[in-house]
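> I am sharing input08.cif, which consists of mmCIF, C-alpha atoms:
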```cif
data_query
#
loop_
_atom_site.label_atom_id
_atom_site.label_comp_id
_atom_site.auth_asym_id
_atom_site.auth_seq_id
_atom_site.Cartn_x
_atom_site.Cartn_y
_atom_site.Cartn_z
CA MET S 1 24.58 -11.65 10.08
CA THR S 2 23.17 -15.10 9.25
CA ALA S 3 20.05 -15.71 7.17
CA THR S 4 18.24 -16.84 10.34
CA ALA S 5 19.26 -13.68 12.14
CA ASP S 6 18.10 -11.59 9.17
CA ALA S 7 14.71 -13.32 9.25
CA GLU S 8 14.32 -12.79 12.98
CA ALA S 9 15.29 -9.13 12.69
CA ALA S 10 12.74 -8.63 9.92
CA ALA S 11 10.07 -10.38 11.99
CA ASN S 12 10.76 -8.08 14.94
CA GLU S 13 9.76 -5.12 12.76
CA LEU S 14 6.31 -6.60 12.13
CA THR S 15 3.16 -5.62 14.05
CA PRO S 16 2.01 -8.33 16.48
CA LEU S 17 -1.20 -9.93 15.23
CA ALA S 18 -3.11 -9.34 18.49
CA ASP S 19 -2.26 -5.63 18.42
CA TYR S 20 -3.31 -5.31 14.79
CA LEU S 21 -6.61 -7.12 15.28
CA GLY S 22 -7.43 -4.99 18.30
CA SER S 23 -6.77 -1.77 16.41
CA VAL S 24 -9.00 -2.86 13.51
CA LEU S 25 -11.91 -4.32 15.46
CA ARG S 26 -12.12 -1.26 17.72
CA ARG S 27 -12.99 0.79 14.63
CA LEU S 28 -16.01 -1.37 13.75
CA ARG S 29 -19.52 -1.22 15.17
CA ALA S 30 -22.40 -3.67 14.93
CA LEU S 31 -24.97 -2.82 12.26
CA PRO S 32 -28.16 -1.00 13.36
CA PRO S 33 -30.89 -3.42 14.52
CA LEU S 34 -33.97 -4.39 12.54
CA ASP S 35 -37.35 -5.70 13.67
CA LEU S 36 -37.91 -8.81 11.55
CA ASP S 37 -40.75 -11.24 11.11
CA LEU S 38 -39.93 -14.56 12.76
CA THR S 39 -39.71 -16.39 9.45
CA GLN S 40 -37.00 -13.97 8.28
CA ALA S 41 -34.96 -13.98 11.47
CA TYR S 42 -33.19 -17.32 11.06
CA GLY S 43 -29.40 -16.95 10.82
CA ASN S 44 -29.36 -13.42 12.21
CA VAL S 45 -28.04 -12.36 15.59
CA LEU S 46 -30.38 -11.07 18.27
CA ALA S 47 -29.90 -7.39 19.09
CA GLU S 48 -31.71 -7.65 22.42
CA ASP S 49 -32.80 -10.28 24.92
CA VAL S 50 -35.97 -12.18 24.04
CA VAL S 51 -38.44 -12.89 26.87
CA ALA S 52 -41.33 -15.35 26.66
CA PRO S 53 -44.63 -13.39 26.76
CA HIS S 54 -46.63 -16.58 27.35
CA ALA S 55 -46.02 -19.95 28.94
CA PHE S 56 -45.32 -23.15 27.02
CA PRO S 57 -47.30 -25.34 27.12
CA ALA S 58 -50.04 -22.75 27.28
CA PHE S 59 -52.45 -25.12 29.08
CA ASP S 60 -52.48 -28.51 30.80
CA GLN S 61 -52.41 -31.11 28.04
CA ALA S 62 -51.99 -34.80 27.27
CA ALA S 63 -48.47 -35.85 26.34
CA VAL S 64 -49.54 -39.24 24.90
CA ASP S 65 -52.56 -40.83 23.28
CA GLY S 66 -54.63 -42.57 25.94
CA TYR S 67 -57.23 -42.03 28.62
CA ALA S 68 -57.25 -39.02 30.97
CA ALA S 69 -58.33 -40.13 34.43
CA ARG S 70 -58.12 -39.50 38.15
CA TRP S 71 -55.24 -41.50 39.62
CA GLU S 72 -57.25 -42.63 42.66
CA ASP S 73 -59.76 -44.28 40.29
CA ILE S 74 -57.10 -46.50 38.68
CA SER S 75 -54.54 -46.97 41.44
CA GLY S 76 -55.42 -50.62 41.91
CA ALA S 77 -55.11 -51.69 38.28
CA GLY S 78 -52.91 -54.80 37.96
CA ARG S 79 -52.02 -54.85 41.64
CA ALA S 80 -54.85 -56.83 43.19
CA ALA S 81 -54.84 -60.62 43.42
CA GLY S 82 -55.07 -62.10 39.95
CA GLY S 83 -54.01 -58.81 38.36
CA ARG S 84 -57.55 -57.53 37.94
CA ALA S 85 -58.27 -54.65 35.60
CA VAL S 86 -59.95 -51.39 36.56
CA ARG S 87 -62.99 -50.47 34.50
CA LEU S 88 -63.92 -46.83 33.80
CA ASN S 89 -66.68 -45.24 31.74
CA VAL S 90 -65.43 -43.27 28.72
CA VAL S 91 -67.55 -40.13 28.75
CA GLY S 92 -66.06 -38.35 25.73
CA ASP S 93 -63.21 -37.86 23.29
CA LEU S 94 -60.80 -34.90 23.34
CA GLY S 95 -58.57 -33.93 20.41
CA ALA S 96 -55.94 -31.24 20.01
CA ALA S 97 -58.62 -28.86 18.66
CA SER S 98 -61.01 -29.38 21.62
CA TRP S 99 -61.69 -26.16 23.47
CA ARG S 100 -64.73 -26.57 25.71
CA PRO S 101 -63.74 -27.13 29.38
CA VAL S 102 -64.86 -30.50 30.78
CA ARG S 103 -64.58 -32.14 34.20
CA LEU S 104 -63.99 -35.69 35.31
CA THR S 105 -66.36 -37.35 37.77
CA PRO S 106 -65.38 -40.38 39.88
CA GLY S 107 -65.23 -43.60 37.87
CA SER S 108 -65.02 -41.88 34.47
CA CYS S 109 -62.33 -40.91 31.97
CA PHE S 110 -61.89 -39.20 28.61
CA SER S 111 -60.20 -40.62 25.54
CA VAL S 112 -57.50 -38.07 24.65
CA ALA S 113 -55.05 -37.46 21.81
CA ALA S 114 -51.56 -36.14 22.46
CA GLY S 115 -51.77 -32.35 22.69
CA ALA S 116 -55.41 -32.30 23.78
CA PRO S 117 -56.38 -30.11 26.76
CA LEU S 118 -56.86 -32.12 29.97
CA PRO S 119 -60.21 -32.37 31.71
CA VAL S 120 -60.42 -30.65 35.08
CA ALA S 121 -59.38 -33.04 37.88
CA ALA S 122 -57.36 -35.33 35.57
CA ASP S 123 -53.93 -36.08 36.97
CA VAL S 124 -52.82 -39.02 34.83
CA VAL S 125 -53.06 -40.22 31.22
CA VAL S 126 -53.05 -43.99 30.75
CA PRO S 127 -51.38 -45.00 27.44
CA VAL S 128 -53.67 -46.87 25.07
CA GLU S 129 -51.39 -49.91 25.08
CA TRP S 130 -52.04 -50.41 28.80
CA THR S 131 -55.78 -50.81 28.14
CA ASP S 132 -58.23 -52.80 26.05
CA GLN S 133 -58.78 -49.61 24.00
CA GLY S 134 -62.51 -49.60 24.77
CA MET S 135 -64.79 -46.86 23.43
CA ALA S 136 -67.80 -46.69 25.79
CA ALA S 137 -65.91 -48.24 28.69
CA VAL S 138 -62.25 -49.13 29.05
CA GLU S 139 -60.39 -51.69 31.09
CA ILE S 140 -57.04 -50.53 32.45
CA TYR S 141 -54.43 -53.22 33.12
CA ARG S 142 -51.56 -51.20 34.59
CA THR S 143 -51.36 -48.20 36.89
CA PRO S 144 -48.93 -45.46 35.82
CA LYS S 145 -47.47 -43.04 38.35
CA ARG S 146 -49.52 -39.99 39.25
CA GLY S 147 -48.75 -37.26 36.69
CA TYR S 148 -47.74 -39.70 33.96
CA GLY S 149 -48.61 -38.82 30.36
CA LEU S 150 -49.45 -35.15 30.88
CA ARG S 151 -47.76 -31.76 30.63
CA ARG S 152 -48.68 -28.89 32.88
CA ALA S 153 -49.00 -25.28 31.69
CA GLY S 154 -45.60 -23.55 31.76
CA GLU S 155 -43.80 -26.78 32.61
CA GLU S 156 -41.21 -26.31 29.85
CA VAL S 157 -41.10 -22.51 29.57
CA PRO S 158 -42.78 -20.30 32.21
CA ALA S 159 -43.95 -16.86 31.09
CA GLY S 160 -41.21 -14.28 31.61
CA THR S 161 -38.36 -16.69 30.89
CA VAL S 162 -35.41 -15.20 28.99
CA LEU S 163 -35.39 -17.41 25.90
CA ALA S 164 -32.16 -16.06 24.37
CA ARG S 165 -29.69 -13.30 25.08
CA ALA S 166 -28.55 -10.55 22.74
CA GLY S 167 -25.69 -11.83 20.58
CA THR S 168 -27.26 -15.26 20.08
CA TYR S 169 -27.71 -16.67 16.58
CA VAL S 170 -31.34 -17.42 15.74
CA SER S 171 -31.44 -21.17 15.06
CA PRO S 172 -34.37 -23.24 13.78
CA ALA S 173 -34.96 -24.50 17.33
CA LEU S 174 -35.05 -20.93 18.68
CA VAL S 175 -37.56 -20.02 15.97
CA ALA S 176 -39.77 -22.86 17.25
CA VAL S 177 -39.42 -21.75 20.89
CA PHE S 178 -40.21 -18.14 19.99
CA ALA S 179 -43.28 -19.16 18.02
CA ALA S 180 -44.50 -21.56 20.70
CA THR S 181 -44.42 -18.82 23.33
CA GLY S 182 -46.35 -16.34 21.18
CA ILE S 183 -43.53 -14.31 19.57
CA GLY S 184 -44.08 -13.23 15.97
CA HIS S 185 -41.10 -10.95 15.41
CA VAL S 186 -37.69 -10.27 16.98
CA VAL S 187 -35.11 -7.49 16.88
CA VAL S 188 -31.90 -8.64 15.19
CA ARG S 189 -28.76 -7.33 13.60
CA PRO S 190 -29.01 -7.74 9.82
CA SER S 191 -26.63 -10.09 8.06
CA PRO S 192 -23.70 -7.97 6.81
CA ARG S 193 -23.60 -7.36 3.06
CA VAL S 194 -20.08 -8.26 1.95
CA VAL S 195 -18.67 -7.48 -1.49
CA ILE S 196 -15.62 -9.45 -2.72
CA VAL S 197 -13.29 -8.04 -5.37
CA ALA S 198 -10.30 -9.84 -6.91
CA THR S 199 -7.61 -7.55 -8.35
CA GLY S 200 -4.80 -8.08 -10.83
CA ASP S 201 -4.08 -7.82 -14.55
CA GLU S 202 -2.99 -11.45 -14.52
CA LEU S 203 -6.33 -12.85 -13.36
CA VAL S 204 -8.67 -14.89 -15.55
CA ASP S 205 -11.97 -16.42 -14.51
CA VAL S 206 -12.51 -20.05 -13.59
CA GLY S 207 -13.21 -22.80 -16.09
CA ARG S 208 -9.75 -22.87 -17.67
CA GLY S 209 -6.19 -23.68 -16.70
CA SER S 210 -3.55 -21.06 -15.99
CA GLN S 211 -1.12 -20.11 -18.76
CA PRO S 212 2.13 -18.15 -18.44
CA GLY S 213 1.11 -14.62 -17.50
CA GLN S 214 -2.31 -15.78 -16.32
CA VAL S 215 -3.64 -16.87 -12.93
CA VAL S 216 -7.09 -18.36 -12.44
CA ASP S 217 -9.09 -16.32 -9.94
CA ALA S 218 -9.69 -18.81 -7.12
CA ASN S 219 -9.78 -16.16 -4.42
CA SER S 220 -13.00 -14.28 -5.11
CA HIS S 221 -14.96 -17.53 -5.38
CA ALA S 222 -13.42 -18.97 -2.21
CA LEU S 223 -13.83 -15.77 -0.20
CA THR S 224 -17.45 -15.41 -1.30
CA ALA S 225 -18.11 -18.92 0.01
CA ALA S 226 -16.22 -18.14 3.23
CA ALA S 227 -18.27 -14.98 3.77
CA VAL S 228 -21.52 -16.92 3.31
CA GLU S 229 -20.27 -19.53 5.79
CA ALA S 230 -19.60 -16.68 8.22
CA GLY S 231 -23.24 -15.56 7.97
CA ALA S 232 -22.91 -12.73 5.46
CA LEU S 233 -24.88 -11.88 2.35
CA ALA S 234 -21.97 -12.11 -0.06
CA TYR S 235 -21.63 -10.61 -3.54
CA ARG S 236 -18.77 -11.46 -5.89
CA VAL S 237 -18.16 -8.66 -8.36
CA GLY S 238 -15.42 -10.48 -10.24
CA ILE S 239 -12.03 -9.30 -11.43
CA CYS S 240 -10.73 -5.72 -11.40
CA ASP S 241 -7.63 -4.84 -13.40
CA ASP S 242 -4.76 -2.91 -11.88
CA ASP S 243 -6.20 0.38 -13.07
CA PRO S 244 -6.21 3.15 -10.43
CA GLU S 245 -9.35 4.92 -11.62
CA GLY S 246 -11.13 1.66 -12.31
CA LEU S 247 -10.44 0.36 -8.80
CA ARG S 248 -11.44 3.61 -7.12
CA GLY S 249 -14.65 3.80 -9.16
CA LEU S 250 -15.56 0.18 -8.47
CA LEU S 251 -15.10 0.60 -4.72
CA GLU S 252 -17.16 3.80 -4.71
CA ASP S 253 -19.95 2.05 -6.60
CA GLN S 254 -19.97 -0.91 -4.21
CA THR S 255 -20.36 1.26 -1.12
CA LEU S 256 -24.02 1.64 -2.07
CA ARG S 257 -24.73 -2.03 -1.31
CA ALA S 258 -21.93 -3.07 1.05
CA ASP S 259 -21.39 -3.12 4.80
CA LEU S 260 -17.90 -4.52 4.20
CA ILE S 261 -15.70 -4.76 1.11
CA ILE S 262 -12.99 -7.41 0.80
CA THR S 263 -10.28 -7.12 -1.85
CA THR S 264 -7.69 -9.76 -2.60
CA GLY S 265 -4.32 -9.27 -4.26
CA GLY S 266 -1.85 -6.41 -4.49
CA THR S 267 -1.21 -5.90 -0.76
CA GLY S 268 2.59 -6.31 -0.90
CA THR S 269 5.34 -3.90 -1.91
CA GLY S 270 6.36 -5.48 -5.23
CA PRO S 271 6.15 -3.76 -8.63
CA GLY S 272 2.79 -5.36 -9.42
CA ASP S 273 1.11 -4.68 -6.06
CA MET S 274 -1.17 -1.89 -7.24
CA VAL S 275 -3.88 -2.10 -4.57
CA ARG S 276 -1.45 -1.02 -1.88
CA ARG S 277 -0.11 1.79 -4.06
CA ILE S 278 -3.54 3.04 -5.07
CA LEU S 279 -5.40 2.86 -1.77
CA SER S 280 -2.58 4.02 0.49
CA ARG S 281 -1.51 6.96 -1.72
CA ARG S 282 -1.51 10.31 0.04
CA GLU S 283 -3.57 13.01 -1.65
CA GLY S 284 -3.78 16.66 -0.64
CA GLY S 285 -1.73 16.00 2.47
CA ARG S 286 -4.12 13.29 3.62
CA ALA S 287 -3.28 9.65 4.10
CA GLY S 288 -4.88 7.19 1.72
CA PRO S 289 -8.22 5.61 2.64
CA VAL S 290 -6.59 2.26 3.50
CA ALA S 291 -3.59 1.66 5.75
CA PHE S 292 -1.44 -1.36 4.92
CA THR S 293 0.40 -3.10 7.71
CA ASP S 294 3.02 -5.83 7.73
CA VAL S 295 1.70 -8.16 10.41
CA ALA S 296 3.51 -11.01 12.19
CA LEU S 297 1.28 -13.55 10.44
CA TYR S 298 2.15 -16.64 8.41
CA PRO S 299 1.19 -17.21 5.68
CA GLY S 300 0.60 -13.69 4.32
CA THR S 301 2.00 -10.79 6.33
CA ALA S 302 0.62 -7.85 4.34
CA LEU S 303 -2.93 -6.80 5.30
CA GLY S 304 -4.89 -3.62 4.68
CA PHE S 305 -7.79 -1.95 6.48
CA GLY S 306 -9.58 1.35 6.04
CA THR S 307 -12.83 2.90 4.83
CA VAL S 308 -14.08 4.19 1.50
CA GLY S 309 -16.90 6.46 0.35
CA ALA S 310 -19.01 9.03 2.10
CA GLU S 311 -20.57 6.28 4.24
CA GLU S 312 -17.08 5.16 5.30
CA VAL S 313 -17.67 1.51 4.41
CA PRO S 314 -14.94 -0.71 5.92
CA VAL S 315 -12.47 -2.31 3.50
CA VAL S 316 -10.30 -5.35 4.26
CA CYS S 317 -7.44 -6.02 1.82
CA LEU S 318 -6.11 -9.60 1.75
CA PRO S 319 -3.09 -11.09 -0.04
CA GLY S 320 -3.32 -12.62 -3.50
CA ASP S 321 -1.99 -16.09 -2.67
CA PRO S 322 -5.11 -18.29 -2.24
CA GLY S 323 -3.92 -19.99 0.96
CA ALA S 324 -2.80 -16.69 2.48
CA ALA S 325 -6.07 -15.05 1.43
CA LEU S 326 -8.15 -17.69 3.22
CA ILE S 327 -5.97 -17.50 6.34
CA GLY S 328 -6.26 -13.71 6.24
CA PHE S 329 -10.02 -14.07 5.97
CA GLU S 330 -10.13 -16.32 9.04
CA VAL S 331 -7.88 -14.03 11.05
CA LEU S 332 -9.24 -10.61 10.05
CA ALA S 333 -12.29 -10.60 7.77
CA ARG S 334 -14.34 -13.23 9.57
CA PRO S 335 -14.08 -11.51 12.99
CA ALA S 336 -15.05 -8.25 11.25
CA ILE S 337 -18.17 -9.90 9.79
CA GLN S 338 -19.08 -11.37 13.17
CA LEU S 339 -18.67 -7.97 14.86
CA LEU S 340 -20.84 -6.23 12.24
CA ALA S 341 -23.47 -8.93 12.74
CA GLY S 342 -23.46 -8.37 16.51
CA ALA S 343 -22.28 -11.93 17.22
CA GLU S 344 -20.55 -12.84 20.46
CA PRO S 345 -17.82 -14.04 20.52
CA VAL S 346 -16.34 -12.90 17.22
CA PHE S 347 -13.54 -15.48 17.10
CA ARG S 348 -13.65 -19.19 16.34
CA PRO S 349 -13.82 -21.54 19.34
CA SER S 350 -10.46 -23.06 20.27
CA VAL S 351 -9.27 -26.16 22.10
CA ARG S 352 -6.00 -27.48 23.47
CA ALA S 353 -4.92 -30.60 21.62
CA HIS S 354 -2.23 -33.30 21.72
CA LEU S 355 0.09 -32.80 18.72
CA LEU S 356 0.65 -36.01 16.73
CA GLU S 357 3.59 -34.88 14.60
CA THR S 358 6.56 -32.57 15.12
CA VAL S 359 6.31 -29.35 13.09
CA SER S 360 8.57 -26.37 12.51
CA SER S 361 7.41 -22.76 12.22
CA PRO S 362 9.07 -19.51 11.13
CA GLY S 363 10.32 -17.55 14.15
CA GLY S 364 8.71 -14.22 14.91
CA LEU S 365 5.48 -15.04 13.06
CA ARG S 366 2.19 -16.44 14.32
CA GLU S 367 1.47 -19.36 12.01
CA PHE S 368 -1.99 -20.73 11.27
CA ARG S 369 -1.50 -24.20 9.82
CA PRO S 370 -4.30 -26.41 8.47
CA ALA S 371 -4.91 -29.42 10.69
CA HIS S 372 -7.28 -32.27 11.38
CA VAL S 373 -8.70 -32.37 14.92
CA ALA S 374 -10.19 -35.48 16.51
CA GLU S 375 -11.69 -36.21 19.92
CA ARG S 376 -9.96 -38.88 21.99
CA ARG S 377 -11.97 -41.68 23.56
CA GLY S 378 -10.73 -40.84 27.01
CA GLY S 379 -11.44 -37.12 26.57
CA GLY S 380 -9.54 -34.25 25.02
CA TYR S 381 -8.35 -33.80 21.44
CA THR S 382 -5.57 -34.81 19.09
CA VAL S 383 -4.38 -32.71 16.16
CA GLN S 384 -2.66 -33.87 12.97
CA PRO S 385 -0.87 -31.10 11.03
CA LEU S 386 -1.65 -30.87 7.31
CA SER S 387 0.15 -29.08 4.49
CA GLY S 388 1.08 -25.51 5.39
CA GLY S 389 3.36 -22.74 4.15
CA PRO S 390 3.29 -22.62 0.33
CA PHE S 391 0.84 -25.55 0.32
CA THR S 392 -1.69 -24.05 2.72
CA LEU S 393 -4.50 -24.10 0.15
CA SER S 394 -4.37 -27.88 -0.35
CA GLY S 395 -4.13 -28.34 3.42
CA LEU S 396 -7.20 -26.19 4.02
CA ALA S 397 -9.28 -28.36 1.70
CA GLU S 398 -8.90 -31.24 4.20
CA ALA S 399 -8.78 -29.27 7.45
CA ASN S 400 -11.34 -29.01 10.23
CA GLY S 401 -9.06 -26.88 12.36
CA LEU S 402 -6.18 -24.43 12.33
CA LEU S 403 -3.10 -25.23 14.40
CA VAL S 404 -1.83 -21.99 15.98
CA LEU S 405 1.91 -21.69 16.52
CA GLY S 406 2.99 -18.54 18.34
CA GLU S 407 5.69 -16.05 17.39
CA ARG S 408 8.26 -17.66 19.69
CA VAL S 409 7.66 -21.18 18.44
CA THR S 410 10.16 -22.51 15.90
CA THR S 411 9.52 -26.19 16.64
CA ALA S 412 6.53 -27.89 18.25
CA ALA S 413 7.32 -31.46 19.24
CA ALA S 414 5.02 -34.44 18.82
CA GLY S 415 3.27 -35.06 22.14
CA SER S 416 3.15 -31.39 23.12
CA THR S 417 -0.09 -29.52 23.76
CA VAL S 418 -1.01 -26.81 21.25
CA ASP S 419 -3.85 -24.40 20.50
CA VAL S 420 -6.24 -25.22 17.67
CA LEU S 421 -9.06 -23.13 16.19
CA LEU S 422 -12.07 -25.25 15.26
CA LEU S 423 -13.49 -24.71 11.78
CA ASP S 424 -17.23 -25.14 11.37
CA ARG S 425 -17.24 -27.45 8.37
CA ARG S 426 -20.40 -29.26 7.32
CA ARG S 427 -19.27 -32.76 6.55
#
```
Take the structure in the file and write it out as structure tokens.

Amino acid sequence: MTATADAEAAANELTPLADYLGSVLRRLRALPPLDLDLTQAYGNVLAEDVVAPHAFPAFDQAAVDGYAARWEDISGAGRAAGGRAVRLNVVGDLGAASWRPVRLTPGSCFSVAAGAPLPVAADVVVPVEWTDQGMAAVEIYRTPKRGYGLRRAGEEVPAGTVLARAGTYVSPALVAVFAATGIGHVVVRPSPRVVIVATGDELVDVGRGSQPGQVVDANSHALTAAAVEAGALAYRVGICDDDPEGLRGLLEDQTLRADLIITTGGTGTGPGDMVRRILSRREGGRAGPVAFTDVALYPGTALGFGTVGAEEVPVVCLPGDPGAALIGFEVLARPAIQLLAGAEPVFRPSVRAHLLETVSSPGGLREFRPAHVAERRGGGYTVQPLSGGPFTLSGLAEANGLLVLGERVTTAAAGSTVDVLLLDRRR
């Protein structure tokens, strides 16, 4: 049997990624909802539909600074022979804080500020620049259309409008809409509390270079940042040695403040892969708290999922290679965070894109390769592959997308159309 045939046979024994993700995500449930003050709701996901209790605007109001008038009183301004002006008496001033109801009489107008309530019978606001800006009387040089310069009650948002559906992220603009329609609090899913643990006797903290027998812990820092980007409240607890009792004790302690625990390192079957040995070990006839699965994923096939503690807090175990850990986060941990947060959908948006360079991919594995996606002038997208495989980490630092190459793809030719996940990078 050739080396290629050996590789394909090994790949056929792996669990398809879609099957694995489905089995994991079905075990998770969105966190219980909370009623939060509007100022605290930003970034959370709505747990129920939000309906406007009041209209916006709440009353008829001026949209511009000018003069509120009756259109029939000014309809001839600038149209008669010689472009004569129309003269009206200014009977008062109205600001945004004005509250007493007033009424227009024929031949009169009010000076109004933007946001001021309209006088009864006003159906137009003449901008100040179309007038001589008079105070006791004003001359109007141009006639706007009827209805110009004003906003009617409920014109933008009628009362009873569904402002946002359950599953929607609360954005700053939604906060403004909620507040403007009289909403002071909303029911949301809380941001998941995610604890990140790096494991391995070889790990040392950042701020130094690696020496033989040492590896700088890039993973826990990167995964903490990734969890925050995904909308979680993330806590990095640092490095845990390959000590069975130490790891078990740390995980038990973290269940008190975690909705999800992410470990990195030790998921394989080598002599130093202690996380898999410790967390999958059968005790008293029972399976270990975490099941490890070899998934048809590249890079990083070995993933773990289970629960720990009396509260059965979910645990995701990712590989120790930094590139594989970040890909594993995107594929497994990020959807888990989104599901706990009640977000819909839980996966990154994807597009079909025109491939700019021929790439090869290992058969039998679904590869996620860093890529740069760009919009074409005529519509659609192009995608440029970046460093993948053993160099995935450096490729991810430049990527705004992940090129997805399916299990049956060994070569994707330049000019072909491929799937790309879009990464939400703030650049």
> Determine the residue membership of the PyMOL selection byres ((chain S and resi 136) around 7) for the file above and supply it as a PyMOL selection string.
chain S and resi 89-90+134-135+137-138
> Would you translate the PyMOL selection byres ((chain S and resi 276-279) around 12) into the concrete set of residues it matches in this file, as a PyMOL selection string?
chain S and resi 199-200+242-249+251+263-275+280-283+286-294+302-308+315-320
> Could you tell me how far CA of Val124 (chain S) lies from CA of Ala63 (chain S), in Å and to one decimal?
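Going from CA of Val124 (chain S) over to CA of Ala63 (chain S), I get 10.1 Å.
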> Report as a Markdown table: every residue of region 296-351 of chain S with an atom at most 10 Å from region 175-189 of chain S, its closest pair of atoms, and their distance in Å to one decimal, counting all atoms listed in the file, with rows sorted by chain and ascending residue number.

```
| residue | atom | partner | partner_atom | distance |
| --- | --- | --- | --- | --- |
| S:Leu340 | CA | S:Arg189 | CA | 8.1 |
| S:Ala341 | CA | S:Arg189 | CA | 5.6 |
| S:Gly342 | CA | S:Arg189 | CA | 6.1 |
| S:Ala343 | CA | S:Arg189 | CA | 8.7 |
```
> For a test of reading the model, state the distance in Å between CA of Glu330 (chain S) and CA of Ser360 (chain S), rounded to one decimal.
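These two atoms are separated by 21.5 Å.
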> Name the residues that the PyMOL selection byres ((chain S and resi 53) around 7) picks from the file above, as a PyMOL selection string, using the file's chain letters and numbers.
chain S and resi 51-52+54+159-160+181-182
> At what distance in Å, to one decimal, does CA of Gly78 (chain S) lie from CA of Arg103 (chain S)?
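Going from CA of Arg103 (chain S) over to CA of Gly78 (chain S) covers 25.8 Å.
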> Counting all atoms listed in the file, which of S:Pro362, S:Gly415, S:Pro172, S:Gly147 gets nearest to Ala69 (chain S)?
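Comparing S:Pro362, S:Gly415, S:Pro172, S:Gly147 against Ala69 (chain S), the winner is S:Gly147.
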> Pick out the closest residue to Ala414 (chain S) from this set: S:Ala333, S:Leu402, S:Leu297, S:Leu356. Count all atoms listed in the file.
S:Leu356
> Write out as a list in words the residues lying within 8 Å of Phe59 (chain S), counting only C-alpha atoms and excluding same-chain residues fewer than 6 positions away.
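The filter keeps Pro117, Arg152, Ala153 and Gly154 of chain S.
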